[in-house]
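Shown next: entry.txt, containing compact mmCIF, C-alpha atoms.
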# COMPACT_ATOMS: atom_id res chain seq x y z
CA MET A 1 209.04 -89.46 90.82
CA HIS A 2 205.33 -88.63 90.46
CA ARG A 3 204.80 -85.39 88.56
CA ILE A 4 202.09 -83.08 89.94
CA LEU A 5 200.31 -80.12 88.33
CA LEU A 6 198.36 -77.61 90.46
CA VAL A 7 195.37 -75.73 88.98
CA ASP A 8 193.44 -73.04 90.89
CA ASP A 9 192.29 -69.52 90.11
CA GLU A 10 193.21 -68.36 93.64
CA PRO A 11 196.98 -67.69 93.96
CA MET A 12 196.85 -68.09 97.74
CA ILE A 13 195.35 -71.57 97.39
CA LEU A 14 198.07 -72.54 94.92
CA GLU A 15 200.80 -71.44 97.30
CA HIS A 16 199.08 -73.06 100.27
CA THR A 17 198.77 -76.39 98.46
CA LYS A 18 202.32 -76.21 97.19
CA GLY A 19 203.73 -75.62 100.68
CA LEU A 20 201.49 -78.01 102.56
CA LEU A 21 203.62 -81.14 102.13
CA ASP A 22 207.22 -82.23 101.75
CA TRP A 23 206.57 -83.44 98.22
CA LYS A 24 210.05 -84.86 97.67
CA SER A 25 209.72 -87.18 100.67
CA LEU A 26 206.57 -88.60 99.07
CA GLY A 27 208.36 -89.23 95.80
CA CYS A 28 206.58 -86.32 94.10
CA ALA A 29 207.50 -83.07 92.36
CA ILE A 30 205.38 -80.02 91.50
CA ILE A 31 206.06 -79.51 87.80
CA GLY A 32 203.75 -76.59 87.12
CA GLN A 33 200.95 -74.28 88.25
CA ALA A 34 197.98 -72.98 86.29
CA HIS A 35 195.57 -70.18 87.23
CA ASN A 36 192.55 -71.34 85.23
CA GLY A 37 191.18 -74.31 83.35
CA GLU A 38 192.38 -73.23 79.92
CA GLU A 39 195.94 -72.80 81.15
CA GLY A 40 195.62 -76.07 83.05
CA LEU A 41 194.51 -77.94 79.93
CA HIS A 42 197.48 -76.54 78.01
CA LEU A 43 199.92 -77.66 80.72
CA ILE A 44 198.29 -81.08 80.99
CA ARG A 45 198.90 -81.65 77.29
CA SER A 46 202.40 -80.19 77.27
CA LEU A 47 203.75 -81.51 80.59
CA HIS A 48 201.72 -84.74 80.89
CA PRO A 49 201.60 -84.87 84.71
CA ASP A 50 200.83 -88.03 86.65
CA ILE A 51 198.49 -86.21 89.06
CA VAL A 52 196.45 -83.01 88.65
CA ILE A 53 195.22 -81.24 91.79
CA THR A 54 192.54 -78.81 90.67
CA ASP A 55 189.79 -76.52 91.85
CA VAL A 56 186.29 -77.38 90.70
CA VAL A 57 184.76 -74.02 89.80
CA MET A 58 186.98 -71.57 87.94
CA PRO A 59 186.24 -68.74 85.49
CA GLY A 60 185.93 -69.99 81.92
CA LEU A 61 186.81 -73.66 81.88
CA THR A 62 185.87 -75.55 85.06
CA GLY A 63 188.03 -78.27 86.53
CA LEU A 64 185.55 -80.89 85.35
CA GLU A 65 185.50 -79.50 81.81
CA MET A 66 189.30 -79.43 81.84
CA MET A 67 189.39 -83.09 82.83
CA ASP A 68 186.82 -84.03 80.18
CA ARG A 69 188.78 -82.29 77.43
CA ALA A 70 191.92 -84.17 78.43
CA ALA A 71 190.05 -87.49 78.54
CA ASP A 72 192.23 -88.97 75.80
CA LEU A 73 195.15 -88.83 78.26
CA ASN A 74 193.63 -91.53 80.45
CA ASP A 75 196.68 -92.29 82.61
CA ILE A 76 196.37 -89.04 84.57
CA SER A 77 194.82 -89.02 88.07
CA TYR A 78 192.68 -86.05 89.17
CA LEU A 79 192.22 -84.76 92.71
CA PHE A 80 189.51 -82.09 93.06
CA LEU A 81 189.43 -79.39 95.73
CA SER A 82 185.89 -78.35 96.57
CA GLY A 83 183.72 -76.19 98.79
CA TYR A 84 180.64 -77.73 100.38
CA GLN A 85 178.35 -75.94 97.94
CA GLU A 86 180.13 -77.55 94.99
CA PHE A 87 179.49 -81.17 95.94
CA GLU A 88 177.29 -81.85 92.91
CA TYR A 89 180.22 -80.88 90.68
CA VAL A 90 182.48 -83.20 92.64
CA ARG A 91 180.08 -86.14 92.46
CA HIS A 92 179.91 -85.64 88.71
CA ALA A 93 183.72 -85.50 88.59
CA LEU A 94 184.06 -88.77 90.49
CA ARG A 95 181.62 -90.46 88.16
CA ALA A 96 183.56 -89.10 85.18
CA GLY A 97 186.84 -90.55 86.37
CA ALA A 98 188.37 -88.36 89.07
CA VAL A 99 190.17 -90.39 91.71
CA ASP A 100 189.36 -88.33 94.80
CA TYR A 101 188.26 -84.96 96.18
CA LEU A 102 188.97 -82.88 99.29
CA LEU A 103 186.98 -80.13 100.92
CA LYS A 104 188.53 -76.71 101.36
CA PRO A 105 190.41 -75.67 103.41
CA VAL A 106 192.67 -78.64 102.75
CA GLU A 107 194.52 -80.19 105.68
CA ALA A 108 198.00 -81.66 105.26
CA ALA A 109 197.02 -85.13 106.51
CA ASP A 110 194.05 -85.32 104.13
CA LEU A 111 196.12 -84.19 101.16
CA LYS A 112 198.88 -86.67 101.96
CA GLY A 113 196.37 -89.50 102.26
CA ALA A 114 194.80 -88.63 98.92
CA ILE A 115 198.17 -88.48 97.19
CA LEU A 116 199.20 -91.85 98.60
CA ARG A 117 195.94 -93.38 97.39
CA MET A 118 196.61 -92.00 93.93
CA MET A 119 200.11 -93.39 93.90
CA ARG A 120 198.63 -96.84 94.47
CA ARG A 121 197.50 -96.59 90.90
CA GLY A 122 201.03 -97.69 90.05
CA LEU A 123 199.73 -101.19 90.75
CA SER A 124 198.24 -103.09 87.86
CA VAL A 125 194.50 -102.66 87.49
CA GLU A 126 193.87 -106.24 88.61
CA GLU A 127 196.13 -105.86 91.66
CA ASP A 128 194.37 -102.66 92.63
CA TYR A 129 190.93 -104.19 92.20
CA THR A 130 191.98 -107.26 94.21
CA ALA A 131 193.32 -105.14 97.06
CA ARG A 132 190.06 -103.20 97.26
CA TYR A 133 187.39 -105.78 96.44
CA GLY A 134 188.79 -109.28 96.66
CA GLU A 135 189.78 -111.76 93.97
CA ILE A 136 186.35 -112.74 92.64
CA VAL A 137 185.05 -109.18 92.27
CA ALA A 138 188.40 -108.09 90.83
CA LYS A 139 188.04 -110.68 88.05
CA VAL A 140 184.56 -109.41 87.23
CA LEU A 141 185.75 -105.79 87.16
CA CYS A 142 188.67 -106.65 84.89
CA MET A 143 186.34 -108.46 82.52
CA ILE A 144 184.04 -105.42 82.42
CA ASP A 145 187.04 -103.30 81.45
CA GLU A 146 188.05 -105.78 78.75
CA HIS A 147 184.69 -106.82 77.29
CA PHE A 148 182.34 -103.84 77.74
CA ALA A 149 182.14 -103.43 73.95
CA ASP A 150 180.57 -106.88 73.51
CA PRO A 151 176.76 -106.43 73.44
CA ASP A 152 176.30 -110.04 74.62
CA PHE A 153 178.59 -109.60 77.63
CA SER A 154 176.79 -110.31 80.92
CA LEU A 155 177.29 -111.53 84.48
CA SER A 156 175.66 -114.78 83.43
CA SER A 157 178.28 -115.38 80.73
CA ILE A 158 181.12 -114.61 83.16
CA CYS A 159 179.80 -117.02 85.78
CA GLU A 160 179.14 -119.77 83.25
CA ASN A 161 182.29 -119.53 81.15
CA ASP A 162 184.98 -118.03 83.39
CA LEU A 163 184.22 -118.18 87.10
CA PHE A 164 182.15 -121.38 87.12
CA MET A 165 180.21 -120.00 90.06
CA ASN A 166 176.59 -119.30 90.94
CA GLU A 167 175.41 -116.08 89.29
CA THR A 168 173.22 -115.01 92.22
CA TYR A 169 176.10 -115.40 94.68
CA VAL A 170 178.55 -113.47 92.50
CA GLY A 171 176.01 -110.72 91.85
CA ARG A 172 175.36 -110.24 95.56
CA LEU A 173 179.07 -110.30 96.37
CA PHE A 174 179.77 -107.76 93.61
CA GLN A 175 177.11 -105.37 94.91
CA LYS A 176 178.25 -105.77 98.52
CA ARG A 177 181.89 -105.04 97.71
CA THR A 178 181.43 -102.27 95.13
CA GLY A 179 178.14 -100.72 96.16
CA GLN A 180 176.83 -101.21 92.61
CA LYS A 181 174.94 -103.85 90.72
CA PHE A 182 176.84 -105.48 87.86
CA THR A 183 174.59 -103.88 85.22
CA ALA A 184 175.09 -100.42 86.73
CA ARG A 185 178.86 -100.81 86.68
CA LEU A 186 178.83 -102.08 83.10
CA THR A 187 176.64 -99.16 81.99
CA GLU A 188 178.89 -96.70 83.81
CA LYS A 189 181.93 -98.11 82.01
CA ARG A 190 180.22 -97.94 78.63
CA ILE A 191 179.11 -94.34 79.17
CA ALA A 192 182.60 -93.32 80.30
CA GLU A 193 184.16 -94.85 77.19
CA ALA A 194 181.47 -93.30 75.00
CA LYS A 195 182.29 -89.83 76.37
CA LYS A 196 185.93 -90.29 75.39
CA MET A 197 185.00 -91.51 71.91
CA LEU A 198 182.55 -88.66 71.33
CA LEU A 199 185.38 -86.17 71.76
CA ALA A 200 188.20 -88.16 70.19
CA ASN A 201 186.17 -89.22 67.12
CA GLN A 202 184.16 -86.15 66.15
CA ASP A 203 183.16 -87.59 62.79
CA ALA A 204 181.69 -90.75 64.31
CA SER A 205 177.91 -90.83 64.55
CA VAL A 206 176.06 -91.48 67.78
CA THR A 207 174.97 -94.84 66.34
CA ASP A 208 178.61 -95.77 65.66
CA ILE A 209 179.63 -94.80 69.20
CA ALA A 210 176.75 -96.80 70.65
CA GLU A 211 177.89 -99.92 68.79
CA ARG A 212 181.54 -99.42 69.76
CA VAL A 213 180.73 -99.40 73.47
CA GLY A 214 178.38 -102.37 73.42
CA PHE A 215 174.86 -100.96 73.26
CA SER A 216 172.46 -102.97 71.12
CA THR A 217 170.61 -99.86 69.87
CA ALA A 218 171.38 -96.17 69.60
CA LYS A 219 168.01 -95.38 71.19
CA TYR A 220 168.89 -97.25 74.37
CA PHE A 221 172.36 -95.67 74.42
CA ILE A 222 170.90 -92.16 74.16
CA GLU A 223 168.37 -92.92 76.89
CA LEU A 224 171.03 -94.12 79.35
CA PHE A 225 173.47 -91.37 78.39
CA LYS A 226 170.87 -88.66 79.10
CA LYS A 227 170.02 -90.32 82.41
CA SER A 228 173.70 -90.29 83.39
CA GLU A 229 174.86 -86.94 82.00
CA GLY A 230 171.66 -84.89 81.74
CA VAL A 231 172.15 -84.26 78.02
CA SER A 232 172.15 -86.34 74.85
CA PRO A 233 175.44 -87.63 73.38
CA SER A 234 175.25 -85.01 70.61
CA GLN A 235 174.63 -82.21 73.08
CA TYR A 236 177.49 -83.42 75.27
CA ARG A 237 179.87 -83.39 72.32
CA GLN A 238 178.75 -79.92 71.29
CA GLN A 239 179.13 -78.52 74.80
CA GLN A 240 182.58 -79.97 75.31
CA MET A 241 183.92 -78.75 71.98
CA GLN A 242 182.82 -75.13 72.44
What is this structure when it is put down as structure tokens?
Amino acid sequence: MHRILLVDDEPMILEHTKGLLDWKSLGCAIIGQAHNGEEGLHLIRSLHPDIVITDVVMPGLTGLEMMDRAADLNDISYLFLSGYQEFEYVRHALRAGAVDYLLKPVEAADLKGAILRMMRRGLSVEEDYTARYGEIVAKVLCMIDEHFADPDFSLSSICENDLFMNETYVGRLFQKRTGQKFTARLTEKRIAEAKKMLLANQDASVTDIAERVGFSTAKYFIELFKKSEGVSPSQYRQQQMQ
């Protein structure tokens, strides 16, 4: 049974979402409801749901901030509910690790589809990657997940030592299937892991974090982090811990 937590500052939206589906028939159960991000964060840590369905903008702690602060619990899937005007928040949420988002007002068919996609996460990572991108790209993605901390890790090394395939061909296939270049995906993975480490290891320096996620220099890490998040690693840590 997949355990679901609902988070929204509008009581009517909570009740609407709760009553929209026959959750039991999907193999799901609503285990709790929260009316703001702070309460949601508390329930995430105490109830450890499998899926969190949350509003984006709420008084106090936003849905994105709530997700970021629970980043150490990385086996939780997040589904964001959004208005059109909040799309920038949602895009940021997807880049930070949310699985999906829906526009309000939420329709039953859309919600059901999103939940079923999330439940596919019960597959192994490699099985999920293979189903979505094909075997070759799945192998590359799995290696990114496993070896992102190696500063010498590259598409060239994968093709030469593991795939025994032409690097240009694999690079084009990877971009076609994922919509990203290999280097962009690797950087995205390193930044995502760095964000978790910045919050989980508050005594670690930015230089230490940079080395742990595979950047050759702290300067380059800070440059790419600011480009991705709009703030430096130190500023990000300070903002999230307030």
**Q.** Contacts of Asp72 (chain A) at 9 Å (all atoms listed in the file; same-chain gap of 4+ positions) as a list in words
**A.** Asp68, Lys196, Met197, Leu199 and Ala200 of chain A
Q) Got a sec: who's within 12 Å of region 145-156 of chain A, counting only C-alpha atoms, leaving out chain neighbours fewer than 6 positions off, as a PyMOL selection string? A) chain A and resi 125-126+129+137-139+162-172+174+181-194+208-217+221
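In this structure, CA of Asn201 (chain A) sits 21.5 Å away from CA of Leu61 (chain A).
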Which residues come within 10 Å of region 25-28 of chain A, counting all atoms listed in the file, excluding same-chain residues fewer than 4 positions away, as an mmCIF file with C-alpha atoms, keeping the file's coordinate frame?
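Writing done, so here's selection_29.cif:
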data_model
loop_
_atom_site.group_PDB
_atom_site.id
_atom_site.type_symbol
_atom_site.label_atom_id
_atom_site.label_comp_id
_atom_site.auth_asym_id
_atom_site.auth_seq_id
_atom_site.Cartn_x
_atom_site.Cartn_y
_atom_site.Cartn_z
ATOM 1 C CA MET A 1 209.040 -89.460 90.820
ATOM 2 C CA HIS A 2 205.330 -88.630 90.460
ATOM 3 C CA ARG A 3 204.800 -85.390 88.560
ATOM 4 C CA ILE A 4 202.090 -83.080 89.940
ATOM 5 C CA LEU A 21 203.620 -81.140 102.130
ATOM 6 C CA ASP A 50 200.830 -88.030 86.650
ATOM 7 C CA ILE A 51 198.490 -86.210 89.060
ATOM 8 C CA LYS A 112 198.880 -86.670 101.960
ATOM 9 C CA ILE A 115 198.170 -88.480 97.190
ATOM 10 C CA LEU A 116 199.200 -91.850 98.600
ATOM 11 C CA MET A 119 200.110 -93.390 93.900
#
Q.
Calculated over all atoms listed in the file, which of the candidates A:Ala34, A:Val99, A:Ile158, A:Leu198 has the smallest distance to Ile136 (chain A)?
A. A:Ile158
**Q.** CA of Gln202 (chain A) to CA of Ser77 (chain A), straight-line distance in Å
**A.**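 Distance between the two atoms: 24.5 Å.
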Q: Might you pull out every residue within 12 Å of Glu10 (chain A), with all atoms listed in the file counted and same-chain residues fewer than 5 positions away left off, and present them as a list in words?
A: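 Returned residues: Glu15, His16, Thr17, Gln33, Ala34, His35, Asn36, Thr54, Asp55, Val56, Val57, Met58, Pro59 and Leu81 of chain A.
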Q: Would you please work out which residue, of A:Glu65, A:Glu39, A:Asp9, A:Asp22, is nearest to Tyr236 (chain A) when using only C-alpha atoms?
A: A:Glu65
Q. From the set A:Leu141, A:Ser46, A:Ala109, A:Leu14, which residue has the shortest atom-to-atom contact distance to Asp128 (chain A), counting all atoms listed in the file?
A.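 Between A:Leu141, A:Ser46, A:Ala109, A:Leu14, the residue approaching Asp128 (chain A) most closely is A:Leu141.
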(Q) Report, in Å to a single decimal, how far apart CA of Ser205 (chain A) and CA of Pro233 (chain A) are. (A)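 Computed distance, CA of Pro233 (chain A) to CA of Ser205 (chain A), equals 9.7 Å.
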Q. Taking into account only C-alpha atoms, which residue in the set A:Val231, A:Leu111, A:Leu5, A:Ala131 is nearest to Pro49 (chain A)?
A.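 Ranking A:Val231, A:Leu111, A:Leu5, A:Ala131 by distance to Pro49 (chain A), first place goes to A:Leu5.
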Q. For Gly179 (chain A), which residue out of A:Tyr133, A:Ala114, A:Gln235, A:Gly32 is the nearest one, using all atoms listed in the file?
A.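 Smallest distance to Gly179 (chain A) is found for A:Tyr133.
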Q.
Neighbouring residues of region 100-107 of chain A were defined as those with any atom within 6 Å, considering only C-alpha atoms; residues of the same chain fewer than 5 positions away were excluded. Please report them as a list in words.
A. Leu79, Phe80, Leu81, Ser82 and Gly83 of chain A
